[in-house]
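This is structure.pdb. It holds PDB, C-alpha atoms.
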```pdb
ATOM      1  CA  MET A 133     -50.754 104.874 -32.948
ATOM      2  CA  SER A 134     -49.443 102.266 -35.383
ATOM      3  CA  GLN A 135     -46.694 104.620 -36.530
ATOM      4  CA  PHE A 136     -45.682 105.306 -32.928
ATOM      5  CA  LEU A 137     -45.478 101.556 -32.214
ATOM      6  CA  GLN A 138     -43.390 101.034 -35.327
ATOM      7  CA  VAL A 139     -40.974 103.809 -34.340
ATOM      8  CA  LEU A 140     -40.848 102.556 -30.754
ATOM      9  CA  LEU A 141     -39.986  98.959 -31.675
ATOM     10  CA  SER A 142     -37.412 100.058 -34.226
ATOM     11  CA  GLY A 143     -35.824 102.342 -31.632
ATOM     12  CA  LEU A 144     -35.752  99.561 -29.048
ATOM     13  CA  ALA A 145     -34.051  97.248 -31.550
ATOM     14  CA  THR A 146     -31.343  99.793 -32.333
ATOM     15  CA  GLY A 147     -31.004 100.765 -28.685
ATOM     16  CA  ALA A 148     -30.558  97.146 -27.642
ATOM     17  CA  VAL A 149     -27.537  96.865 -29.933
ATOM     18  CA  TYR A 150     -26.166 100.101 -28.481
ATOM     19  CA  ALA A 151     -26.646  98.504 -25.068
ATOM     20  CA  LEU A 152     -24.436  95.545 -25.981
ATOM     21  CA  VAL A 153     -21.606  97.935 -26.782
ATOM     22  CA  ALA A 154     -22.297 100.043 -23.694
ATOM     23  CA  ILE A 155     -22.144  96.941 -21.494
ATOM     24  CA  GLY A 156     -18.640  96.390 -22.865
ATOM     25  CA  PHE A 157     -17.646  99.821 -21.541
ATOM     26  CA  THR A 158     -19.093  98.867 -18.149
ATOM     27  CA  LEU A 159     -17.333  95.493 -18.015
ATOM     28  CA  VAL A 160     -13.923  96.945 -18.865
ATOM     29  CA  TRP A 161     -14.429  99.720 -16.323
ATOM     30  CA  GLN A 162     -15.285  97.188 -13.614
ATOM     31  CA  ALA A 163     -12.329  94.959 -14.510
ATOM     32  CA  ALA A 164      -9.574  97.543 -15.029
ATOM     33  CA  GLN A 165     -11.000 100.854 -13.772
ATOM     34  CA  THR A 166     -10.400 102.400 -17.166
ATOM     35  CA  VAL A 167     -12.365 103.387 -20.253
ATOM     36  CA  ASN A 168     -11.692 101.572 -23.517
ATOM     37  CA  PHE A 169     -11.986 104.302 -26.133
ATOM     38  CA  ALA A 170     -11.293 101.727 -28.842
ATOM     39  CA  GLN A 171     -14.638 100.060 -28.085
ATOM     40  CA  GLY A 172     -16.243 101.489 -31.220
ATOM     41  CA  GLU A 173     -13.482  99.984 -33.361
ATOM     42  CA  PHE A 174     -14.003  96.701 -31.514
ATOM     43  CA  VAL A 175     -17.521  96.746 -32.982
ATOM     44  CA  MET A 176     -16.357  97.825 -36.429
ATOM     45  CA  LEU A 177     -13.696  95.127 -36.917
ATOM     46  CA  PRO A 178     -15.658  91.836 -36.500
ATOM     47  CA  ALA A 179     -17.707  92.601 -39.615
ATOM     48  CA  PHE A 180     -14.482  92.845 -41.613
ATOM     49  CA  PHE A 181     -13.294  89.556 -40.112
ATOM     50  CA  VAL A 182     -16.481  87.966 -41.455
ATOM     51  CA  LEU A 183     -15.919  89.504 -44.905
ATOM     52  CA  VAL A 184     -12.359  88.169 -44.901
ATOM     53  CA  GLY A 185     -13.723  84.706 -44.143
ATOM     54  CA  MET A 186     -16.231  84.943 -46.988
ATOM     55  CA  ASN A 187     -14.213  86.730 -49.674
ATOM     56  CA  TRP A 188     -10.665  85.606 -48.925
ATOM     57  CA  LEU A 189     -11.057  82.171 -47.343
ATOM     58  CA  GLY A 190     -14.147  81.090 -49.287
ATOM     59  CA  LEU A 191     -16.164  80.185 -46.196
ATOM     60  CA  SER A 192     -19.944  80.230 -46.083
ATOM     61  CA  PHE A 193     -21.636  83.150 -44.350
ATOM     62  CA  TRP A 194     -22.529  81.282 -41.160
ATOM     63  CA  ILE A 195     -19.099  79.686 -40.871
ATOM     64  CA  SER A 196     -17.599  83.125 -41.464
ATOM     65  CA  LEU A 197     -19.641  84.447 -38.555
ATOM     66  CA  LEU A 198     -18.087  81.822 -36.292
ATOM     67  CA  PHE A 199     -14.676  82.663 -37.740
ATOM     68  CA  GLY A 200     -15.248  86.368 -37.099
ATOM     69  CA  LEU A 201     -16.400  85.666 -33.534
ATOM     70  CA  ALA A 202     -13.370  83.486 -32.795
ATOM     71  CA  VAL A 203     -10.892  86.018 -34.228
ATOM     72  CA  SER A 204     -12.614  88.840 -32.338
ATOM     73  CA  VAL A 205     -12.426  87.027 -29.006
ATOM     74  CA  LEU A 206      -8.772  86.160 -29.642
ATOM     75  CA  LEU A 207      -7.554  89.566 -30.850
ATOM     76  CA  LEU A 208      -9.935  92.001 -29.154
ATOM     77  CA  GLY A 209     -10.144  90.013 -25.943
ATOM     78  CA  LEU A 210      -7.031  87.951 -25.211
ATOM     79  CA  VAL A 211      -4.404  89.881 -27.191
ATOM     80  CA  PHE A 212      -5.816  93.270 -26.145
ATOM     81  CA  LYS A 213      -5.672  92.279 -22.498
ATOM     82  CA  LYS A 214      -2.216  90.702 -22.645
ATOM     83  CA  LEU A 215      -0.397  93.185 -24.882
ATOM     84  CA  VAL A 216      -2.130  96.476 -24.097
ATOM     85  CA  VAL A 217      -3.894  96.398 -20.733
ATOM     86  CA  GLU A 218      -1.507  94.346 -18.577
ATOM     87  CA  PRO A 219       1.726  96.210 -19.456
ATOM     88  CA  ILE A 220       0.208  99.701 -19.257
ATOM     89  CA  LEU A 221      -2.297  99.419 -16.383
ATOM     90  CA  PRO A 222       0.338  99.648 -13.571
ATOM     91  CA  HIS A 223       1.337 103.078 -14.927
ATOM     92  CA  GLY A 224      -2.130 104.510 -14.248
ATOM     93  CA  GLY A 225      -5.599 104.684 -15.759
ATOM     94  CA  ILE A 226      -4.941 107.869 -17.743
ATOM     95  CA  THR A 227      -2.030 106.212 -19.534
ATOM     96  CA  LEU A 228      -4.216 103.267 -20.494
ATOM     97  CA  ILE A 229      -7.021 105.553 -21.678
ATOM     98  CA  ILE A 230      -4.586 107.339 -23.993
ATOM     99  CA  ALA A 231      -3.342 103.956 -25.193
ATOM    100  CA  THR A 232      -6.872 102.834 -26.085
ATOM    101  CA  MET A 233      -7.402 106.072 -28.013
ATOM    102  CA  ALA A 234      -4.244 105.359 -29.999
ATOM    103  CA  LEU A 235      -5.342 101.759 -30.503
ATOM    104  CA  GLY A 236      -8.695 102.929 -31.858
ATOM    105  CA  ILE A 237      -6.971 105.148 -34.420
ATOM    106  CA  LEU A 238      -4.643 102.295 -35.378
ATOM    107  CA  LEU A 239      -7.500  99.836 -35.864
ATOM    108  CA  LYS A 240      -9.562 102.316 -37.880
ATOM    109  CA  GLU A 241      -6.717 103.251 -40.222
ATOM    110  CA  SER A 242      -5.641  99.621 -40.567
ATOM    111  CA  ALA A 243      -9.155  98.616 -41.642
ATOM    112  CA  LYS A 244      -9.162 101.493 -44.122
ATOM    113  CA  GLU A 245      -5.824 100.481 -45.641
ATOM    114  CA  PHE A 246      -6.554  96.752 -45.654
ATOM    115  CA  TYR A 247     -10.136  96.760 -46.948
ATOM    116  CA  GLY A 248     -10.532 100.202 -48.503
ATOM    117  CA  ALA A 249     -12.438 103.340 -47.604
ATOM    118  CA  GLU A 250     -15.631 102.383 -49.423
ATOM    119  CA  ALA A 251     -18.535 100.908 -47.476
ATOM    120  CA  GLN A 252     -18.927  97.181 -48.038
ATOM    121  CA  PRO A 253     -22.296  95.399 -48.055
ATOM    122  CA  PHE A 254     -22.752  92.953 -45.213
ATOM    123  CA  PRO A 255     -25.282  90.090 -45.371
ATOM    124  CA  ALA A 256     -28.187  90.360 -42.968
ATOM    125  CA  LEU A 257     -28.655  87.615 -40.411
ATOM    126  CA  PHE A 258     -32.425  87.865 -40.824
ATOM    127  CA  PRO A 259     -34.742  89.029 -43.617
ATOM    128  CA  GLY A 260     -36.125  92.539 -43.439
ATOM    129  CA  ASP A 261     -39.685  91.470 -44.281
ATOM    130  CA  PRO A 262     -42.307  93.523 -42.426
ATOM    131  CA  ILE A 263     -44.548  91.920 -39.823
ATOM    132  CA  ASN A 264     -47.885  93.399 -38.819
ATOM    133  CA  ILE A 265     -48.105  94.011 -35.057
ATOM    134  CA  LEU A 266     -51.246  95.821 -33.888
ATOM    135  CA  GLY A 267     -51.436  97.569 -37.245
ATOM    136  CA  ALA A 268     -47.756  98.554 -37.314
ATOM    137  CA  ALA A 269     -45.428  97.206 -39.976
ATOM    138  CA  VAL A 270     -42.305  96.156 -38.055
ATOM    139  CA  SER A 271     -39.207  94.671 -39.662
ATOM    140  CA  LEU A 272     -38.505  91.067 -38.741
ATOM    141  CA  ARG A 273     -34.824  91.994 -38.547
ATOM    142  CA  ASP A 274     -35.560  94.641 -35.920
ATOM    143  CA  LEU A 275     -37.583  92.199 -33.839
ATOM    144  CA  MET A 276     -34.857  89.548 -34.014
ATOM    145  CA  ASN A 277     -32.139  92.065 -33.170
ATOM    146  CA  LEU A 278     -34.160  93.180 -30.151
ATOM    147  CA  ALA A 279     -34.872  89.628 -29.012
ATOM    148  CA  ILE A 280     -31.258  88.479 -29.405
ATOM    149  CA  SER A 281     -29.780  91.524 -27.700
ATOM    150  CA  LEU A 282     -32.144  91.361 -24.729
ATOM    151  CA  GLY A 283     -31.682  87.589 -24.527
ATOM    152  CA  VAL A 284     -27.895  87.934 -24.399
ATOM    153  CA  VAL A 285     -28.134  90.595 -21.684
ATOM    154  CA  MET A 286     -30.419  88.333 -19.644
ATOM    155  CA  LEU A 287     -28.062  85.371 -20.038
ATOM    156  CA  LEU A 288     -25.082  87.526 -19.056
ATOM    157  CA  THR A 289     -26.943  88.767 -15.982
ATOM    158  CA  LEU A 290     -27.862  85.212 -14.979
ATOM    159  CA  PHE A 291     -24.263  84.107 -15.531
ATOM    160  CA  LEU A 292     -22.903  86.873 -13.308
ATOM    161  CA  ASN A 293     -25.479  86.393 -10.552
ATOM    162  CA  ARG A 294     -26.133  82.642 -10.528
ATOM    163  CA  THR A 295     -22.795  80.960 -11.314
ATOM    164  CA  ARG A 296     -19.662  80.635  -9.211
ATOM    165  CA  THR A 297     -17.497  82.131 -11.962
ATOM    166  CA  GLY A 298     -19.871  85.049 -12.392
ATOM    167  CA  ARG A 299     -19.870  85.815  -8.679
ATOM    168  CA  CYS A 300     -16.076  85.617  -8.641
ATOM    169  CA  MET A 301     -15.983  88.103 -11.526
ATOM    170  CA  GLN A 302     -18.238  90.472  -9.590
ATOM    171  CA  ALA A 303     -16.124  90.096  -6.461
ATOM    172  CA  THR A 304     -13.029  90.903  -8.503
ATOM    173  CA  ALA A 305     -14.713  93.991  -9.939
ATOM    174  CA  GLN A 306     -15.789  95.227  -6.495
ATOM    175  CA  ASN A 307     -12.529  94.609  -4.615
ATOM    176  CA  PRO A 308      -9.752  92.610  -6.318
ATOM    177  CA  GLY A 309      -7.565  92.637  -3.195
ATOM    178  CA  VAL A 310     -10.190  91.019  -0.975
ATOM    179  CA  ALA A 311     -11.217  88.641  -3.773
ATOM    180  CA  GLU A 312      -7.627  87.413  -4.079
ATOM    181  CA  ILE A 313      -7.406  86.851  -0.318
ATOM    182  CA  LEU A 314     -10.569  84.737  -0.549
ATOM    183  CA  GLY A 315      -8.943  82.524  -3.173
ATOM    184  CA  VAL A 316     -10.329  84.025  -6.363
ATOM    185  CA  ASP A 317      -8.026  83.855  -9.391
ATOM    186  CA  VAL A 318      -8.234  87.565 -10.100
ATOM    187  CA  LYS A 319      -6.191  87.520 -13.308
ATOM    188  CA  ARG A 320      -8.392  84.804 -14.777
ATOM    189  CA  MET A 321     -11.580  86.650 -13.847
ATOM    190  CA  VAL A 322     -10.295  89.836 -15.485
ATOM    191  CA  LEU A 323      -9.403  87.849 -18.607
ATOM    192  CA  TYR A 324     -12.934  86.405 -18.724
ATOM    193  CA  THR A 325     -14.281  89.946 -18.586
ATOM    194  CA  PHE A 326     -12.246  91.030 -21.616
ATOM    195  CA  LEU A 327     -13.254  87.904 -23.548
ATOM    196  CA  ILE A 328     -16.944  88.573 -22.831
ATOM    197  CA  ASN A 329     -16.520  92.178 -23.921
ATOM    198  CA  ALA A 330     -14.998  91.059 -27.227
ATOM    199  CA  ALA A 331     -17.828  88.572 -27.802
ATOM    200  CA  LEU A 332     -20.476  91.253 -27.107
ATOM    201  CA  ALA A 333     -18.746  93.653 -29.495
ATOM    202  CA  ALA A 334     -18.696  90.990 -32.204
ATOM    203  CA  LEU A 335     -22.391  90.227 -31.716
ATOM    204  CA  ALA A 336     -23.257  93.928 -31.910
ATOM    205  CA  SER A 337     -21.208  94.165 -35.103
ATOM    206  CA  PHE A 338     -23.046  91.262 -36.733
ATOM    207  CA  LEU A 339     -26.453  92.723 -35.838
ATOM    208  CA  ILE A 340     -25.941  96.369 -36.795
ATOM    209  CA  THR A 341     -23.536  96.217 -39.766
ATOM    210  CA  PRO A 342     -26.235  95.078 -42.252
ATOM    211  CA  VAL A 343     -27.819  98.498 -41.620
ATOM    212  CA  TYR A 344     -24.667 100.629 -41.334
ATOM    213  CA  LEU A 345     -22.644  98.625 -43.910
ATOM    214  CA  ALA A 346     -19.074  97.578 -43.161
ATOM    215  CA  LYS A 347     -17.065 100.801 -43.079
ATOM    216  CA  PHE A 348     -13.848 101.754 -41.316
ATOM    217  CA  SER A 349     -15.436 104.845 -39.740
ATOM    218  CA  ASN A 350     -18.381 103.036 -38.125
ATOM    219  CA  GLY A 351     -16.582 102.805 -34.821
ATOM    220  CA  GLU A 352     -16.599 106.560 -34.284
ATOM    221  CA  THR A 353     -20.389 106.831 -34.187
ATOM    222  CA  LEU A 354     -21.105 103.539 -32.440
ATOM    223  CA  GLY A 355     -18.410 104.064 -29.833
ATOM    224  CA  LEU A 356     -19.584 107.571 -28.984
ATOM    225  CA  ILE A 357     -23.257 106.630 -28.702
ATOM    226  CA  ALA A 358     -22.483 103.544 -26.604
ATOM    227  CA  PHE A 359     -20.180 105.543 -24.328
ATOM    228  CA  ILE A 360     -22.925 108.107 -23.764
ATOM    229  CA  ALA A 361     -25.442 105.295 -23.184
ATOM    230  CA  ALA A 362     -23.193 103.820 -20.490
ATOM    231  CA  ILE A 363     -22.889 107.191 -18.734
ATOM    232  CA  VAL A 364     -26.604 107.968 -19.039
ATOM    233  CA  GLY A 365     -27.638 104.601 -17.645
ATOM    234  CA  GLY A 366     -24.916 104.353 -15.010
ATOM    235  CA  PHE A 367     -21.326 103.454 -15.808
ATOM    236  CA  ASN A 368     -21.007 100.942 -12.974
ATOM    237  CA  GLN A 369     -24.176  98.970 -13.743
ATOM    238  CA  ILE A 370     -24.888  96.506 -16.553
ATOM    239  CA  ARG A 371     -28.602  97.203 -16.254
ATOM    240  CA  GLY A 372     -27.762 100.889 -16.482
ATOM    241  CA  ALA A 373     -25.976 100.358 -19.792
ATOM    242  CA  LEU A 374     -29.056  98.501 -21.033
ATOM    243  CA  VAL A 375     -31.413 101.298 -19.968
ATOM    244  CA  GLY A 376     -29.134 103.955 -21.470
ATOM    245  CA  GLY A 377     -28.880 102.148 -24.807
ATOM    246  CA  LEU A 378     -32.630 101.572 -25.087
ATOM    247  CA  LEU A 379     -33.402 105.151 -24.095
ATOM    248  CA  ILE A 380     -31.074 106.652 -26.691
ATOM    249  CA  GLY A 381     -32.355 104.320 -29.402
ATOM    250  CA  VAL A 382     -35.995 105.210 -28.727
ATOM    251  CA  LEU A 383     -35.437 108.963 -28.344
ATOM    252  CA  ASP A 384     -33.352 109.026 -31.516
ATOM    253  CA  ASN A 385     -36.140 107.440 -33.553
ATOM    254  CA  LEU A 386     -38.860 109.573 -31.991
ATOM    255  CA  THR A 387     -36.888 112.762 -32.635
ATOM    256  CA  ALA A 388     -36.214 111.844 -36.255
ATOM    257  CA  THR A 389     -39.860 110.945 -36.866
ATOM    258  CA  TYR A 390     -41.782 113.619 -34.979
ATOM    259  CA  VAL A 391     -39.335 116.528 -34.797
ATOM    260  CA  THR A 392     -36.523 116.572 -37.356
ATOM    261  CA  ALA A 393     -33.720 114.273 -38.394
ATOM    262  CA  GLN A 394     -31.276 117.184 -38.225
ATOM    263  CA  TYR A 395     -31.145 116.929 -34.418
ATOM    264  CA  ARG A 396     -30.427 113.201 -34.273
ATOM    265  CA  ALA A 397     -26.673 113.621 -33.867
ATOM    266  CA  ALA A 398     -27.077 116.228 -31.144
ATOM    267  CA  LEU A 399     -29.634 114.297 -29.084
ATOM    268  CA  PRO A 400     -27.190 111.941 -27.286
ATOM    269  CA  LEU A 401     -24.976 114.891 -26.343
ATOM    270  CA  ILE A 402     -27.949 116.866 -25.017
ATOM    271  CA  LEU A 403     -29.033 113.845 -23.004
ATOM    272  CA  LEU A 404     -25.490 113.411 -21.696
ATOM    273  CA  ILE A 405     -25.306 117.026 -20.511
ATOM    274  CA  ALA A 406     -28.699 116.731 -18.801
ATOM    275  CA  ILE A 407     -27.686 113.551 -16.973
ATOM    276  CA  ILE A 408     -24.344 114.986 -15.845
ATOM    277  CA  LEU A 409     -26.090 118.066 -14.448
ATOM    278  CA  LEU A 410     -29.074 116.353 -12.847
ATOM    279  CA  ARG A 411     -27.852 112.852 -11.928
ATOM    280  CA  PRO A 412     -24.094 112.395 -12.430
ATOM    281  CA  GLN A 413     -24.134 108.711 -11.423
ATOM    282  CA  GLY A 414     -26.606 107.898 -14.199
ATOM    283  CA  ILE A 415     -30.212 106.748 -14.166
ATOM    284  CA  MET A 416     -29.497 103.304 -12.662
ATOM    285  CA  GLY A 417     -26.001 104.001 -11.327
ATOM    286  CA  THR A 418     -24.844 104.260  -7.738
ATOM    287  CA  SER A 419     -22.351 106.697  -6.308
ATOM    288  CA  GLU A 420     -18.848 105.317  -5.839
ATOM    289  CA  GLY A 421     -16.472 106.298  -3.113
ATOM    290  CA  ARG A 422     -13.594 107.278  -5.383
ATOM    291  CA  THR A 423     -12.655 110.073  -7.747
ATOM    292  CA  VAL A 424     -12.848 109.230 -11.447
TER     293      VAL A 424
END
```

Would you mind writing the file out in structure tokens?
Amino acid sequence: MSQFLQVLLSGLATGAVYALVAIGFTLVWQAAQTVNFAQGEFVMLPAFFVLVGMNWLGLSFWISLLFGLAVSVLLLGLVFKKLVVEPILPHGGITLIIATMALGILLKESAKEFYGAEAQPFPALFPGDPINILGAAVSLRDLMNLAISLGVVMLLTLFLNRTRTGRCMQATAQNPGVAEILGVDVKRMVLYTFLINAALAALASFLITPVYLAKFSNGETLGLIAFIAAIVGGFNQIRGALVGGLLIGVLDNLTATYVTAQYRAALPLILLIAIILLRPQGIMGTSEGRTV
């Protein structure tokens, strides 16, 4: 029982970080009706921004985190929206999807050329000391990652549901034409969405990179798992992205512990196929009246 609890909590912690990335997929889809296939690289890059702050600018670790967050929001939020999304979006969603694929390759290769192909150690935000919970030895880092990720999702949900700006963002996502008629600054709301996505990607990077290490290829795995989590949970629901991320994190750990670690990579794909066949809109998703 103690081993099961340990595996469960560890899986929830990892899954919660996946959920942060998956929510980014959902937000971009709601804002621009497109899929950002560079999302994995958006999670990979902030860790390198922090390392640049520490190793090149001589900043302390915590100041470097703020530096990495600021650069991420600027480049992966504002610049991405202004230079990539706005010019290409009028030409159709498929064109923008292809552009994000190309952007992902560019970011990955740029990180490889700039910082090298070798994995770089990344300082942990929290110590990995074990804590005894009902007989299970659980890492403090896992518990903090879980608490922070779930806390951020709760705050984001409250922001979207309880504030005027959040409701305007939701109105823009549901029907930008009607929202504009009602006086909503649609362009500003869309920009806020991209800035939030960049901030979530940076937070996910800071939480998971101490485990994965800072490596140019991290985005491939994280992006794929988060994309599957968003589909499994429901691509048009933030709570769906959360459920999908947690589910994949838990099942991954349970499979590796009680079955075999050889099937870990295949598990998300198997789950994806099952969801597409049995419930195409996702576990928490709702059917939309348009063809995707």

List the spatial neighbours of Gln252 of chain A as a short mmCIF file (atom, residue, chain, number, x, y, z; two decimals) with C-alpha atoms, in the coordinates of the input - criterion: any atom at most 12 Å away, all atoms listed in the file, same-chain residues fewer than 5 positions off excluded.
```
data_model
loop_
_atom_site.label_atom_id
_atom_site.label_comp_id
_atom_site.auth_asym_id
_atom_site.auth_seq_id
_atom_site.Cartn_x
_atom_site.Cartn_y
_atom_site.Cartn_z
CA MET A 176 -16.36 97.82 -36.43
CA ALA A 179 -17.71 92.60 -39.62
CA PHE A 180 -14.48 92.84 -41.61
CA VAL A 182 -16.48 87.97 -41.46
CA LEU A 183 -15.92 89.50 -44.90
CA VAL A 184 -12.36 88.17 -44.90
CA ASN A 187 -14.21 86.73 -49.67
CA ALA A 243 -9.15 98.62 -41.64
CA LYS A 244 -9.16 101.49 -44.12
CA TYR A 247 -10.14 96.76 -46.95
CA THR A 341 -23.54 96.22 -39.77
CA PRO A 342 -26.24 95.08 -42.25
CA VAL A 343 -27.82 98.50 -41.62
CA TYR A 344 -24.67 100.63 -41.33
CA LEU A 345 -22.64 98.62 -43.91
CA ALA A 346 -19.07 97.58 -43.16
CA LYS A 347 -17.07 100.80 -43.08
CA PHE A 348 -13.85 101.75 -41.32
CA SER A 349 -15.44 104.84 -39.74
CA ASN A 350 -18.38 103.04 -38.12
#
```

Selection under test: the PyMOL selection byres ((chain A and resi 257) around 10); residues as a CSV table (one decimal) with C-alpha atoms, in the coordinates of the input:
```csv
chain,number,residue,atom,x,y,z
A,193,PHE,CA,-21.6,83.2,-44.4
A,194,TRP,CA,-22.5,81.3,-41.2
A,197,LEU,CA,-19.6,84.4,-38.6
A,254,PHE,CA,-22.8,93.0,-45.2
A,255,PRO,CA,-25.3,90.1,-45.4
A,256,ALA,CA,-28.2,90.4,-43.0
A,258,PHE,CA,-32.4,87.9,-40.8
A,259,PRO,CA,-34.7,89.0,-43.6
A,260,GLY,CA,-36.1,92.5,-43.4
A,273,ARG,CA,-34.8,92.0,-38.5
A,276,MET,CA,-34.9,89.5,-34.0
A,277,ASN,CA,-32.1,92.1,-33.2
A,338,PHE,CA,-23.0,91.3,-36.7
A,339,LEU,CA,-26.5,92.7,-35.8
A,340,ILE,CA,-25.9,96.4,-36.8
A,342,PRO,CA,-26.2,95.1,-42.3
```

Set the distance at 12 Å and use all atoms listed in the file: which residues neighbour Leu383 of chain A once local chain neighbours fewer than 5 positions away are removed? I'd like the list as number ranges by chain. A: 136, 139-144, 146-147, 361, 376-378, 388-393, 395-400, 402-403

All residues 8 Å or closer to Gly172 of chain A, only C-alpha atoms, same chain fewer than 2 positions away omitted, as a PyMOL selection string: chain A and resi 153+169-170+174-176+236+350-356

Residues as selected, C-alpha atoms, written as a CSV table (one decimal), keeping the file's coordinate frame, can you do that?
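Generated output (result-v3.csv):
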```csv
chain,number,residue,atom,x,y,z
A,153,VAL,CA,-21.6,97.9,-26.8
A,169,PHE,CA,-12.0,104.3,-26.1
A,170,ALA,CA,-11.3,101.7,-28.8
A,174,PHE,CA,-14.0,96.7,-31.5
A,175,VAL,CA,-17.5,96.7,-33.0
A,176,MET,CA,-16.4,97.8,-36.4
A,236,GLY,CA,-8.7,102.9,-31.9
A,350,ASN,CA,-18.4,103.0,-38.1
A,351,GLY,CA,-16.6,102.8,-34.8
A,352,GLU,CA,-16.6,106.6,-34.3
A,353,THR,CA,-20.4,106.8,-34.2
A,354,LEU,CA,-21.1,103.5,-32.4
A,355,GLY,CA,-18.4,104.1,-29.8
A,356,LEU,CA,-19.6,107.6,-29.0
```

Residue by residue, what does the PyMOL selection byres ((chain A and resi 335) around 10) grab here? Present the result as a list in words.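 This file gives the following for the PyMOL selection byres ((chain A and resi 335) around 10): Val149, Leu152, Val153, Val175, Pro178, Ala179, Leu197, Gly200, Leu201, Ser204, Ile280, Ser281, Val284, Asn329, Ala330, Ala331, Leu332, Ala333, Ala334, Ala336, Ser337, Phe338, Leu339 and Ile340 of chain A.
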